[in-house]
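**Q** Have a look at the structure that comes next, please.
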Amino acid sequence: NTTQTCSHCGHVMTGKNKLTLADRKWMCPSCGAFHVRDHNAAQNILAKGLATL
Ligand SMILES: [Zn+2]
């Protein structure tokens, strides 16, 4: 679910806010952070990796 999670505040996009493959860029409704999907996903994956170590 890394593409649906804001790397800034942890907000998860669900329901009608859920991102599709067409949404390459999006703004978090919780903290207002602007994200590029792939970059945001990479940051979340990195954070998960670091948490596992
Ligand atoms: Zn956010």
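Quick note on naming: the chains in the structure tokens go A, B, ... in the order shown, residues restart at 1 in each chain, and ligands are numbered from 1 in order of appearance.
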Report as a PyMOL selection string all protein, DNA and RNA residues lying within 9 Å of A:Arg24, evaluated on only C-alpha atoms, omitting residues in the same chain fewer than 5 positions from it.

**A** chain A and resi 19+35-38

**Q** Pick out each residue of chain A that DSSP on the backbone tags as alpha helix (DSSP H); I need them as a list in words.

**A**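 Taking chain A and keeping alpha helix (DSSP H) gives Arg37, Asp38, His39, Asn40, Ala41, Ala42, Gln43, Asn44, Ile45, Leu46, Ala47, Lys48, Gly49, Leu50, Ala51 and Thr52 of chain A.
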
**Q** Can you tell me which residues come within 12 Å of ligand 1 when counting only C-alpha atoms and all ligand atoms, ideally as a PDB file with all heavy atoms, in the first residue's frame?

**A**
```
ATOM      1  N   GLN A   4      -0.271   4.549  -1.645  1.00  0.00           N
ATOM      2  CA  GLN A   4      -1.465   5.217  -1.119  1.00  0.00           C
ATOM      3  C   GLN A   4      -1.188   5.957   0.180  1.00  0.00           C
ATOM      4  O   GLN A   4      -2.085   6.557   0.752  1.00  0.00           O
ATOM      5  CB  GLN A   4      -2.571   4.176  -0.853  1.00  0.00           C
ATOM      6  CG  GLN A   4      -2.877   3.255  -2.010  1.00  0.00           C
ATOM      7  CD  GLN A   4      -3.574   3.964  -3.166  1.00  0.00           C
ATOM      8  OE1 GLN A   4      -4.311   4.907  -2.963  1.00  0.00           O
ATOM      9  NE2 GLN A   4      -3.326   3.511  -4.380  1.00  0.00           N
ATOM     10  N   THR A   5       0.058   5.883   0.645  1.00  0.00           N
ATOM     11  CA  THR A   5       0.389   6.467   1.938  1.00  0.00           C
ATOM     12  C   THR A   5       1.234   7.728   1.794  1.00  0.00           C
ATOM     13  O   THR A   5       2.227   7.728   1.073  1.00  0.00           O
ATOM     14  CB  THR A   5       1.163   5.442   2.790  1.00  0.00           C
ATOM     15  OG1 THR A   5       0.409   4.241   2.874  1.00  0.00           O
ATOM     16  CG2 THR A   5       1.409   5.976   4.193  1.00  0.00           C
ATOM     17  N   CYS A   6       0.857   8.783   2.491  1.00  0.00           N
ATOM     18  CA  CYS A   6       1.636  10.019   2.481  1.00  0.00           C
ATOM     19  C   CYS A   6       2.935   9.793   3.253  1.00  0.00           C
ATOM     20  O   CYS A   6       2.899   9.415   4.430  1.00  0.00           O
ATOM     21  CB  CYS A   6       0.824  11.145   3.128  1.00  0.00           C
ATOM     22  SG  CYS A   6       1.768  12.659   3.347  1.00  0.00           S
ATOM     23  N   SER A   7       4.061  10.036   2.593  1.00  0.00           N
ATOM     24  CA  SER A   7       5.352   9.815   3.253  1.00  0.00           C
ATOM     25  C   SER A   7       5.648  10.914   4.267  1.00  0.00           C
ATOM     26  O   SER A   7       6.578  10.809   5.048  1.00  0.00           O
ATOM     27  CB  SER A   7       6.469   9.743   2.211  1.00  0.00           C
ATOM     28  OG  SER A   7       6.554  10.955   1.482  1.00  0.00           O
ATOM     29  N   HIS A   8       4.844  11.959   4.257  1.00  0.00           N
ATOM     30  CA  HIS A   8       5.081  13.087   5.157  1.00  0.00           C
ATOM     31  C   HIS A   8       4.361  12.905   6.494  1.00  0.00           C
ATOM     32  O   HIS A   8       4.952  13.085   7.548  1.00  0.00           O
ATOM     33  CB  HIS A   8       4.629  14.380   4.473  1.00  0.00           C
ATOM     34  CG  HIS A   8       5.020  15.623   5.215  1.00  0.00           C
ATOM     35  ND1 HIS A   8       6.314  16.081   5.239  1.00  0.00           N
ATOM     36  CD2 HIS A   8       4.296  16.482   5.969  1.00  0.00           C
ATOM     37  CE1 HIS A   8       6.346  17.188   5.982  1.00  0.00           C
ATOM     38  NE2 HIS A   8       5.149  17.449   6.434  1.00  0.00           N
ATOM     39  N   CYS A   9       3.070  12.526   6.443  1.00  0.00           N
ATOM     40  CA  CYS A   9       2.294  12.429   7.679  1.00  0.00           C
ATOM     41  C   CYS A   9       1.726  11.033   7.929  1.00  0.00           C
ATOM     42  O   CYS A   9       1.163  10.775   8.980  1.00  0.00           O
ATOM     43  CB  CYS A   9       1.151  13.454   7.675  1.00  0.00           C
ATOM     44  SG  CYS A   9      -0.198  13.034   6.563  1.00  0.00           S
ATOM     45  N   GLY A  10       1.831  10.130   6.925  1.00  0.00           N
ATOM     46  CA  GLY A  10       1.331   8.775   7.112  1.00  0.00           C
ATOM     47  C   GLY A  10      -0.126   8.583   6.752  1.00  0.00           C
ATOM     48  O   GLY A  10      -0.678   7.501   6.922  1.00  0.00           O
ATOM     49  N   HIS A  11      -0.755   9.640   6.251  1.00  0.00           N
ATOM     50  CA  HIS A  11      -2.167   9.538   5.850  1.00  0.00           C
ATOM     51  C   HIS A  11      -2.318   8.540   4.707  1.00  0.00           C
ATOM     52  O   HIS A  11      -1.558   8.563   3.749  1.00  0.00           O
ATOM     53  CB  HIS A  11      -2.670  10.914   5.417  1.00  0.00           C
ATOM     54  CG  HIS A  11      -4.105  10.919   4.986  1.00  0.00           C
ATOM     55  ND1 HIS A  11      -5.150  10.936   5.889  1.00  0.00           N
ATOM     56  CD2 HIS A  11      -4.670  10.884   3.752  1.00  0.00           C
ATOM     57  CE1 HIS A  11      -6.292  10.918   5.216  1.00  0.00           C
ATOM     58  NE2 HIS A  11      -6.031  10.888   3.920  1.00  0.00           N
ATOM     59  N   VAL A  12      -3.316   7.657   4.812  1.00  0.00           N
ATOM     60  CA  VAL A  12      -3.563   6.663   3.775  1.00  0.00           C
ATOM     61  C   VAL A  12      -4.769   7.079   2.947  1.00  0.00           C
ATOM     62  O   VAL A  12      -5.840   7.380   3.489  1.00  0.00           O
ATOM     63  CB  VAL A  12      -3.807   5.264   4.383  1.00  0.00           C
ATOM     64  CG1 VAL A  12      -4.043   4.234   3.282  1.00  0.00           C
ATOM     65  CG2 VAL A  12      -2.615   4.856   5.237  1.00  0.00           C
ATOM     66  N   MET A  13      -4.590   7.066   1.631  1.00  0.00           N
ATOM     67  CA  MET A  13      -5.669   7.430   0.712  1.00  0.00           C
ATOM     68  C   MET A  13      -6.580   6.223   0.530  1.00  0.00           C
ATOM     69  O   MET A  13      -6.166   5.186   0.021  1.00  0.00           O
ATOM     70  CB  MET A  13      -5.083   7.845  -0.637  1.00  0.00           C
ATOM     71  CG  MET A  13      -4.106   8.997  -0.537  1.00  0.00           C
ATOM     72  SD  MET A  13      -4.905  10.557  -0.129  1.00  0.00           S
ATOM     73  CE  MET A  13      -5.405  11.076  -1.763  1.00  0.00           C
ATOM     74  N   TRP A  26      -0.140  13.837  -6.688  1.00  0.00           N
ATOM     75  CA  TRP A  26      -1.302  14.057  -5.838  1.00  0.00           C
ATOM     76  C   TRP A  26      -0.938  14.893  -4.618  1.00  0.00           C
ATOM     77  O   TRP A  26       0.231  15.013  -4.260  1.00  0.00           O
ATOM     78  CB  TRP A  26      -1.913  12.730  -5.404  1.00  0.00           C
ATOM     79  CG  TRP A  26      -0.969  11.777  -4.712  1.00  0.00           C
ATOM     80  CD1 TRP A  26      -0.024  10.988  -5.316  1.00  0.00           C
ATOM     81  CD2 TRP A  26      -0.877  11.517  -3.314  1.00  0.00           C
ATOM     82  NE1 TRP A  26       0.629  10.250  -4.358  1.00  0.00           N
ATOM     83  CE2 TRP A  26       0.137  10.548  -3.126  1.00  0.00           C
ATOM     84  CE3 TRP A  26      -1.562  12.000  -2.183  1.00  0.00           C
ATOM     85  CZ2 TRP A  26       0.487  10.066  -1.846  1.00  0.00           C
ATOM     86  CZ3 TRP A  26      -1.210  11.512  -0.924  1.00  0.00           C
ATOM     87  CH2 TRP A  26      -0.200  10.552  -0.773  1.00  0.00           C
ATOM     88  N   MET A  27      -1.969  15.460  -4.001  1.00  0.00           N
ATOM     89  CA  MET A  27      -1.750  16.246  -2.799  1.00  0.00           C
ATOM     90  C   MET A  27      -2.434  15.570  -1.625  1.00  0.00           C
ATOM     91  O   MET A  27      -3.592  15.151  -1.719  1.00  0.00           O
ATOM     92  CB  MET A  27      -2.300  17.667  -2.986  1.00  0.00           C
ATOM     93  CG  MET A  27      -1.985  18.572  -1.803  1.00  0.00           C
ATOM     94  SD  MET A  27      -2.604  20.251  -2.033  1.00  0.00           S
ATOM     95  CE  MET A  27      -1.392  20.880  -3.176  1.00  0.00           C
ATOM     96  N   CYS A  28      -1.721  15.457  -0.528  1.00  0.00           N
ATOM     97  CA  CYS A  28      -2.275  14.840   0.667  1.00  0.00           C
ATOM     98  C   CYS A  28      -3.361  15.737   1.255  1.00  0.00           C
ATOM     99  O   CYS A  28      -3.105  16.911   1.516  1.00  0.00           O
ATOM    100  CB  CYS A  28      -1.160  14.616   1.684  1.00  0.00           C
ATOM    101  SG  CYS A  28      -1.762  13.976   3.264  1.00  0.00           S
ATOM    102  N   PRO A  29      -4.580  15.214   1.467  1.00  0.00           N
ATOM    103  CA  PRO A  29      -5.658  16.023   2.034  1.00  0.00           C
ATOM    104  C   PRO A  29      -5.471  16.300   3.519  1.00  0.00           C
ATOM    105  O   PRO A  29      -6.134  17.161   4.083  1.00  0.00           O
ATOM    106  CB  PRO A  29      -6.900  15.163   1.791  1.00  0.00           C
ATOM    107  CG  PRO A  29      -6.385  13.766   1.773  1.00  0.00           C
ATOM    108  CD  PRO A  29      -5.001  13.842   1.169  1.00  0.00           C
ATOM    109  N   SER A  30      -4.566  15.558   4.149  1.00  0.00           N
ATOM    110  CA  SER A  30      -4.354  15.702   5.582  1.00  0.00           C
ATOM    111  C   SER A  30      -3.329  16.788   5.911  1.00  0.00           C
ATOM    112  O   SER A  30      -3.588  17.681   6.705  1.00  0.00           O
ATOM    113  CB  SER A  30      -3.905  14.366   6.168  1.00  0.00           C
ATOM    114  OG  SER A  30      -3.731  14.491   7.564  1.00  0.00           O
ATOM    115  N   CYS A  31      -2.152  16.728   5.251  1.00  0.00           N
ATOM    116  CA  CYS A  31      -1.097  17.689   5.564  1.00  0.00           C
ATOM    117  C   CYS A  31      -0.813  18.642   4.414  1.00  0.00           C
ATOM    118  O   CYS A  31      -0.051  19.584   4.568  1.00  0.00           O
ATOM    119  CB  CYS A  31       0.184  16.965   5.981  1.00  0.00           C
ATOM    120  SG  CYS A  31       1.020  16.114   4.632  1.00  0.00           S
ATOM    121  N   GLY A  32      -1.425  18.385   3.229  1.00  0.00           N
ATOM    122  CA  GLY A  32      -1.246  19.279   2.101  1.00  0.00           C
ATOM    123  C   GLY A  32       0.057  19.082   1.348  1.00  0.00           C
ATOM    124  O   GLY A  32       0.373  19.866   0.457  1.00  0.00           O
ATOM    125  N   ALA A  33       0.813  18.031   1.680  1.00  0.00           N
ATOM    126  CA  ALA A  33       2.071  17.764   1.000  1.00  0.00           C
ATOM    127  C   ALA A  33       1.817  17.319  -0.441  1.00  0.00           C
ATOM    128  O   ALA A  33       0.871  16.566  -0.710  1.00  0.00           O
ATOM    129  CB  ALA A  33       2.852  16.694   1.745  1.00  0.00           C
ATOM    130  N   PHE A  34       2.659  17.791  -1.360  1.00  0.00           N
ATOM    131  CA  PHE A  34       2.523  17.425  -2.761  1.00  0.00           C
ATOM    132  C   PHE A  34       3.454  16.261  -3.051  1.00  0.00           C
ATOM    133  O   PHE A  34       4.623  16.286  -2.674  1.00  0.00           O
ATOM    134  CB  PHE A  34       2.877  18.629  -3.634  1.00  0.00           C
ATOM    135  CG  PHE A  34       2.731  18.355  -5.104  1.00  0.00           C
ATOM    136  CD1 PHE A  34       1.475  18.283  -5.678  1.00  0.00           C
ATOM    137  CD2 PHE A  34       3.852  18.171  -5.898  1.00  0.00           C
ATOM    138  CE1 PHE A  34       1.337  18.041  -7.039  1.00  0.00           C
ATOM    139  CE2 PHE A  34       3.722  17.927  -7.253  1.00  0.00           C
ATOM    140  CZ  PHE A  34       2.464  17.859  -7.833  1.00  0.00           C
ATOM    141  N   HIS A  35       2.932  15.227  -3.714  1.00  0.00           N
ATOM    142  CA  HIS A  35       3.717  14.024  -3.961  1.00  0.00           C
ATOM    143  C   HIS A  35       3.740  13.631  -5.428  1.00  0.00           C
ATOM    144  O   HIS A  35       2.731  13.747  -6.123  1.00  0.00           O
ATOM    145  CB  HIS A  35       3.132  12.830  -3.189  1.00  0.00           C
ATOM    146  CG  HIS A  35       3.136  13.011  -1.705  1.00  0.00           C
ATOM    147  ND1 HIS A  35       4.284  13.099  -0.964  1.00  0.00           N
ATOM    148  CD2 HIS A  35       2.122  13.118  -0.822  1.00  0.00           C
ATOM    149  CE1 HIS A  35       3.968  13.247   0.310  1.00  0.00           C
ATOM    150  NE2 HIS A  35       2.663  13.272   0.431  1.00  0.00           N
ATOM    151  N   ASN A  40       7.158   9.145  -3.878  1.00  0.00           N
ATOM    152  CA  ASN A  40       6.537   8.943  -2.574  1.00  0.00           C
ATOM    153  C   ASN A  40       6.582   7.471  -2.160  1.00  0.00           C
ATOM    154  O   ASN A  40       6.898   7.144  -1.012  1.00  0.00           O
ATOM    155  CB  ASN A  40       5.090   9.439  -2.621  1.00  0.00           C
ATOM    156  CG  ASN A  40       4.390   9.356  -1.274  1.00  0.00           C
ATOM    157  OD1 ASN A  40       4.826   9.966  -0.316  1.00  0.00           O
ATOM    158  ND2 ASN A  40       3.327   8.592  -1.204  1.00  0.00           N
TER     159      ASN A  40
END
```

**Q** Pick out each residue of chain A that DSSP on the backbone tags as strand (DSSP E or B); I need them as a list in words.

**A**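 Going through chain A, the strand (DSSP E or B) residues come out as Thr5, Val12, Lys25, Trp26, Met27, Phe34, His35 and Val36 of chain A.
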
**Q** So that I can check the surroundings of A:Thr2, please list as an NGL selection string every protein, DNA and RNA residue that reaches within 8 Å of it, counting only C-alpha atoms and ignoring chain neighbours fewer than 4 positions away.

**A** :A and (40-41 or 44-45)

**Q** Write the selection just made, keeping N, CA, C and O atoms, as a CSV table (one decimal), in the first residue's frame?

**A**
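Below you can see out.csv, which holds the result:
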```csv
chain,number,residue,atom,x,y,z
A,40,ASN,N,7.2,9.1,-3.9
A,40,ASN,CA,6.5,8.9,-2.6
A,40,ASN,C,6.6,7.5,-2.2
A,40,ASN,O,6.9,7.1,-1.0
A,41,ALA,N,6.3,6.6,-3.1
A,41,ALA,CA,6.3,5.1,-2.8
A,41,ALA,C,7.8,4.7,-2.4
A,41,ALA,O,7.9,3.9,-1.5
A,44,ASN,N,8.4,5.6,1.1
A,44,ASN,CA,7.8,4.8,2.0
A,44,ASN,C,8.4,3.4,2.1
A,44,ASN,O,8.5,2.8,3.2
A,45,ILE,N,8.9,2.9,1.0
A,45,ILE,CA,9.6,1.6,1.0
A,45,ILE,C,10.9,1.7,1.7
A,45,ILE,O,11.2,0.8,2.5
```
